[in-house]
Amino acid sequence: EKEQKHLLAFCKAQGISDLFVQIPYEAREAWIIDWNPAPFKKFNKSLNQAGIRIHALDGDPRFALREWHGRVLALVEEIGRFNQGVPPEERFHGIRYDNEPYLLSHFGGIQKESILRQYLELLDRIRPVTVKAGLEFGVDIPFWFDGVNEFFEPSAQVDGRPMSELIIDRVDNVGIMDYRTLAYGADGTITHAWEELRYAAKKGKKVFVGLETVRLPDETTYEYGETGGPPSLFLEEIDGGKVRLTLGKKGKGRELNVTRIL
């Protein structure tokens with residue numbers, strides 16, 4: 001209760017209007033949901049009385065696959081039953097999913113379109129359940145769902161349309177995972193969110209823009225090509241007395257490329 005009061009005070013002070021709260025539960029055989037709803041009654045009431053909307057959150061990349069849809073629907077229905085059994089001030093305002101199907105190991109291969117179609121099918125199945133339960137339905141999407149890859153091909157497209165638009169068509173709101181440390185520029189948060197905001201406005205849908213709030217750590221990038229052969233190590237002096245250390249192979253068809261600046 002102490003932490004709940006601290007959270008509520010923080011939300012009031014910062015003008016926060018919506019909270020996405022992960023629902024702790026276990027799913028048994030036949031997708032029976034085991035969870036303890038009791039703590040949420042008082043928690044939801046305190047938030048609702050403060051004018052803060054609470055959204056039940058869940059998500060897993062596997063949920064995009066058809067064999068997992070039953071588990072997702074079971075939780076959505078459970079949240080709907082919870083709302084029906086409590087007074088309005090104790091209810092959830094919405095339910096949202098952060099599934100990120102592109103994290104599946106086989107997403108980048110020939111099954112990509114199938115995964116995306118299954119994901120859209122899941123959204124189509126959730127929608128009528130949330131409408132019946134009076135729940136706002138939202139999902140989180142990456143900013144590049146309407147972009148192109150390094151070969152200037154659509155990154156995520158079905159039937160000639162970007163996934164961002166297809167998802168916005170099916171939900172009440174989206175959260176754009178726009179995790180950049182700059183607002184402006186070609187790689188800034190404004191550029192990455194612009195098309196989603198424009199399309200959502202046309203469709204009358206709400207958009208949450210998720211921002212990066214801390215300095216991002218340096219990353220190591222691995223690149224794989226079709227050619228074999230052992231990797232080589234290259235040292236290159238750069239400005240500022242630093243050295244670029246590259247483990248890889250020169251020329252086209254580079255098999256492995258790991259770069260660090262020392």
# chains A, B, ... in the order shown; residues from 1 in each chain; ligands from 1
call {"tool": "residues_around", "arguments": {"residues": "A:Ile33", "least_positions_apart": "2", "cutoff": "8 Å", "atoms": "only C-alpha atoms", "output": "JSON, numbers by chain"}}
result
{"A": [25, 26, 27, 28, 31, 35, 74, 75, 78]}
call {"tool": "residues_around", "arguments": {"residues": "stretch 197-199 of chain A", "least_positions_apart": "4", "cutoff": "9 Å", "atoms": "only C-alpha atoms", "output": "list in words"}}
result
Ser164, Glu165, Ile168, Ala193, Lys203, Gly204, Lys205, Lys206 and Val207 of chain A
call {"tool": "residues_around", "arguments": {"residues": "A:Asn44", "least_positions_apart": "5", "cutoff": "7 Å", "atoms": "only C-alpha atoms", "output": "number ranges by chain"}}
result
A: 54, 90-92
call {"tool": "write_last_selection", "arguments": {"atoms": "C-alpha atoms", "output": "PDB file, in the first residue's frame"}}
result
ATOM      1  CA  ILE A  54      -5.668   1.863 -15.828  1.00  0.00           C
ATOM      2  CA  GLU A  90     -12.895  -0.490  -9.458  1.00  0.00           C
ATOM      3  CA  ARG A  91     -12.820  -1.443 -13.133  1.00  0.00           C
ATOM      4  CA  PHE A  92     -10.032  -1.486 -15.685  1.00  0.00           C
TER       5      PHE A  92
END
call {"tool": "closest_residue", "arguments": {"among": "A:Pro61, A:Pro101, A:Gly80, A:Pro162", "to": "A:Thr130", "atoms": "only C-alpha atoms"}}
result
A:Gly80
call {"tool": "residues_around", "arguments": {"residues": "A:Val139", "least_positions_apart": "2", "cutoff": "8 Å", "atoms": "only C-alpha atoms", "output": "mmCIF file with all heavy atoms, in the first residue's frame"}}
result
data_model
loop_
_atom_site.group_PDB
_atom_site.id
_atom_site.type_symbol
_atom_site.label_atom_id
_atom_site.label_comp_id
_atom_site.auth_asym_id
_atom_site.auth_seq_id
_atom_site.Cartn_x
_atom_site.Cartn_y
_atom_site.Cartn_z
ATOM 1 N N ARG A 96 -4.354 -3.988 -23.024
ATOM 2 C CA ARG A 96 -3.418 -3.768 -24.117
ATOM 3 C C ARG A 96 -2.399 -4.893 -24.162
ATOM 4 O O ARG A 96 -2.116 -5.547 -23.154
ATOM 5 C CB ARG A 96 -2.733 -2.420 -24.013
ATOM 6 C CG ARG A 96 -1.731 -2.240 -22.931
ATOM 7 C CD ARG A 96 -1.192 -0.823 -22.921
ATOM 8 N NE ARG A 96 -0.598 -0.391 -24.178
ATOM 9 C CZ ARG A 96 -1.217 0.388 -25.067
ATOM 10 N NH1 ARG A 96 -2.426 0.832 -24.844
ATOM 11 N NH2 ARG A 96 -0.606 0.748 -26.176
ATOM 12 N N TYR A 97 -1.849 -5.072 -25.368
ATOM 13 C CA TYR A 97 -0.867 -6.124 -25.581
ATOM 14 C C TYR A 97 0.405 -5.572 -26.213
ATOM 15 O O TYR A 97 0.356 -4.765 -27.127
ATOM 16 C CB TYR A 97 -1.469 -7.235 -26.458
ATOM 17 C CG TYR A 97 -2.216 -8.237 -25.623
ATOM 18 C CD1 TYR A 97 -3.560 -8.046 -25.308
ATOM 19 C CD2 TYR A 97 -1.571 -9.341 -25.089
ATOM 20 C CE1 TYR A 97 -4.228 -8.929 -24.491
ATOM 21 C CE2 TYR A 97 -2.234 -10.238 -24.276
ATOM 22 C CZ TYR A 97 -3.554 -10.031 -23.984
ATOM 23 O OH TYR A 97 -4.206 -10.906 -23.160
ATOM 24 N N ASP A 98 1.507 -6.028 -25.671
ATOM 25 C CA ASP A 98 2.839 -5.683 -26.176
ATOM 26 C C ASP A 98 3.483 -7.000 -26.604
ATOM 27 O O ASP A 98 4.297 -7.570 -25.884
ATOM 28 C CB ASP A 98 3.648 -4.991 -25.076
ATOM 29 C CG ASP A 98 5.042 -4.605 -25.537
ATOM 30 O OD1 ASP A 98 5.285 -4.622 -26.763
ATOM 31 O OD2 ASP A 98 5.882 -4.294 -24.684
ATOM 32 N N ASN A 99 3.104 -7.476 -27.787
ATOM 33 C CA ASN A 99 3.493 -8.833 -28.201
ATOM 34 C C ASN A 99 4.825 -8.894 -28.953
ATOM 35 O O ASN A 99 5.560 -9.856 -28.838
ATOM 36 C CB ASN A 99 2.395 -9.454 -29.058
ATOM 37 C CG ASN A 99 1.164 -9.794 -28.232
ATOM 38 O OD1 ASN A 99 1.267 -10.079 -27.045
ATOM 39 N ND2 ASN A 99 -0.006 -9.746 -28.853
ATOM 40 N N PHE A 137 -9.172 -1.005 -26.280
ATOM 41 C CA PHE A 137 -8.218 -2.007 -26.759
ATOM 42 C C PHE A 137 -7.022 -1.319 -27.394
ATOM 43 O O PHE A 137 -7.165 -0.540 -28.333
ATOM 44 C CB PHE A 137 -8.911 -2.922 -27.767
ATOM 45 C CG PHE A 137 -8.026 -3.978 -28.376
ATOM 46 C CD1 PHE A 137 -6.978 -4.537 -27.661
ATOM 47 C CD2 PHE A 137 -8.256 -4.416 -29.668
ATOM 48 C CE1 PHE A 137 -6.164 -5.505 -28.227
ATOM 49 C CE2 PHE A 137 -7.456 -5.388 -30.247
ATOM 50 C CZ PHE A 137 -6.409 -5.937 -29.517
ATOM 51 N N ILE A 141 3.452 -0.996 -30.763
ATOM 52 C CA ILE A 141 4.072 -1.320 -32.044
ATOM 53 C C ILE A 141 5.423 -0.623 -32.139
ATOM 54 O O ILE A 141 5.633 0.430 -31.541
ATOM 55 C CB ILE A 141 3.193 -0.905 -33.243
ATOM 56 C CG1 ILE A 141 2.982 0.614 -33.259
ATOM 57 C CG2 ILE A 141 1.857 -1.632 -33.211
ATOM 58 C CD1 ILE A 141 2.242 1.130 -34.486
ATOM 59 N N VAL A 171 -7.688 -1.412 -33.652
ATOM 60 C CA VAL A 171 -7.630 -1.143 -32.213
ATOM 61 C C VAL A 171 -8.138 0.268 -31.912
ATOM 62 O O VAL A 171 -8.413 1.056 -32.814
ATOM 63 C CB VAL A 171 -6.186 -1.313 -31.688
ATOM 64 C CG1 VAL A 171 -5.694 -2.737 -31.919
ATOM 65 C CG2 VAL A 171 -5.234 -0.306 -32.342
ATOM 66 N N ASN A 173 -6.291 2.268 -29.707
ATOM 67 C CA ASN A 173 -5.082 3.080 -29.564
ATOM 68 C C ASN A 173 -3.853 2.232 -29.794
ATOM 69 O O ASN A 173 -3.892 1.000 -29.685
ATOM 70 C CB ASN A 173 -5.031 3.736 -28.175
ATOM 71 C CG ASN A 173 -4.792 2.732 -27.062
ATOM 72 O OD1 ASN A 173 -3.672 2.245 -26.878
ATOM 73 N ND2 ASN A 173 -5.831 2.404 -26.298
ATOM 74 N N VAL A 174 -2.768 2.885 -30.135
ATOM 75 C CA VAL A 174 -1.470 2.211 -30.250
ATOM 76 C C VAL A 174 -0.442 2.976 -29.435
ATOM 77 O O VAL A 174 -0.565 4.194 -29.236
ATOM 78 C CB VAL A 174 -0.979 2.103 -31.714
ATOM 79 C CG1 VAL A 174 -1.868 1.195 -32.534
ATOM 80 C CG2 VAL A 174 -0.837 3.474 -32.352
ATOM 81 N N GLY A 175 0.537 2.258 -28.948
ATOM 82 C CA GLY A 175 1.691 2.873 -28.319
ATOM 83 C C GLY A 175 2.887 2.651 -29.225
ATOM 84 O O GLY A 175 3.228 1.510 -29.528
#
call {"tool": "atom_distance", "arguments": {"atom1": "atom CA of A:Cys11", "atom2": "atom CA of A:Thr191"}}
result
28.0 Å
call {"tool": "closest_residue", "arguments": {"among": "A:Arg62, A:His69, A:Lys132, A:Arg161", "to": "A:Phe107", "atoms": "only C-alpha atoms"}}
result
A:Arg62
call {"tool": "residues_around", "arguments": {"residues": "stretch 150-159 of chain A", "least_positions_apart": "4", "cutoff": "10 Å", "atoms": "only C-alpha atoms", "output": "number ranges by chain"}}
result
A: 102, 108, 112-114, 116-117, 120, 144-146, 163-166
call {"tool": "write_last_selection", "arguments": {"atoms": "C-alpha atoms", "output": "PDB file, in the first residue's frame"}}
result
ATOM      1  CA  TYR A 102       9.356  -9.752 -34.678  1.00  0.00           C
ATOM      2  CA  GLY A 108      13.011 -12.816 -40.519  1.00  0.00           C
ATOM      3  CA  LYS A 112       7.272 -13.566 -41.799  1.00  0.00           C
ATOM      4  CA  GLU A 113       4.057 -12.830 -43.682  1.00  0.00           C
ATOM      5  CA  SER A 114       2.319 -15.792 -42.075  1.00  0.00           C
ATOM      6  CA  LEU A 116       1.987 -11.045 -39.410  1.00  0.00           C
ATOM      7  CA  ARG A 117      -1.295 -12.435 -40.729  1.00  0.00           C
ATOM      8  CA  LEU A 120      -3.759  -9.514 -37.324  1.00  0.00           C
ATOM      9  CA  TRP A 144       9.458   0.805 -38.080  1.00  0.00           C
ATOM     10  CA  PHE A 145       6.251  -1.097 -38.847  1.00  0.00           C
ATOM     11  CA  ASP A 146       5.703   1.401 -41.668  1.00  0.00           C
ATOM     12  CA  MET A 163       1.414  -3.193 -40.426  1.00  0.00           C
ATOM     13  CA  SER A 164       1.099   0.100 -38.562  1.00  0.00           C
ATOM     14  CA  GLU A 165      -2.004   1.036 -40.558  1.00  0.00           C
ATOM     15  CA  LEU A 166      -3.503  -2.448 -40.423  1.00  0.00           C
TER      16      LEU A 166
END
call {"tool": "atom_distance", "arguments": {"atom1": "atom CA of A:Glu121", "atom2": "atom CA of A:Leu103"}}
result
18.2 Å
call {"tool": "closest_residue", "arguments": {"among": "A:Glu236, A:Asp172, A:Asp187, A:Asp140", "to": "A:Val209", "atoms": "only C-alpha atoms"}}
result
A:Asp140
call {"tool": "atom_distance", "arguments": {"atom1": "atom CA of A:Glu89", "atom2": "atom CA of A:Lys45"}}
result
5.1 Å
call {"tool": "select_by_dssp", "arguments": {"residues": "stretch 38-201 of chain A", "states": "helix (DSSP H, G or I)", "output": "count of residues only"}}
result
88
call {"tool": "select_by_dssp", "arguments": {"residues": "stretch 46-110 of chain A", "states": "strand (DSSP E)", "output": "compact mmCIF listing (two decimals) with C-alpha atoms, in the first residue's frame"}}
result
# COMPACT_ATOMS: atom_id res chain seq x y z
CA ARG A 53 -7.12 5.31 -16.54
CA ILE A 54 -5.67 1.86 -15.83
CA HIS A 55 -5.01 -0.58 -18.66
CA ALA A 56 -4.41 -4.29 -18.01
CA LEU A 57 -1.18 -5.18 -19.80
CA ASP A 58 0.18 -8.48 -21.10
CA GLY A 94 -8.76 -0.97 -21.08
CA ILE A 95 -6.56 -3.89 -22.00
CA ARG A 96 -3.42 -3.77 -24.12
CA TYR A 97 -0.87 -6.12 -25.58
call {"tool": "closest_residue", "arguments": {"among": "A:Gly188, A:Ile79, A:His106, A:Val148", "to": "A:Asp34", "atoms": "only C-alpha atoms"}}
result
A:Ile79
call {"tool": "closest_residue", "arguments": {"among": "A:Ala50, A:Val86, A:Val21, A:Ile115", "to": "A:Glu67", "atoms": "only C-alpha atoms"}}
result
A:Ile115
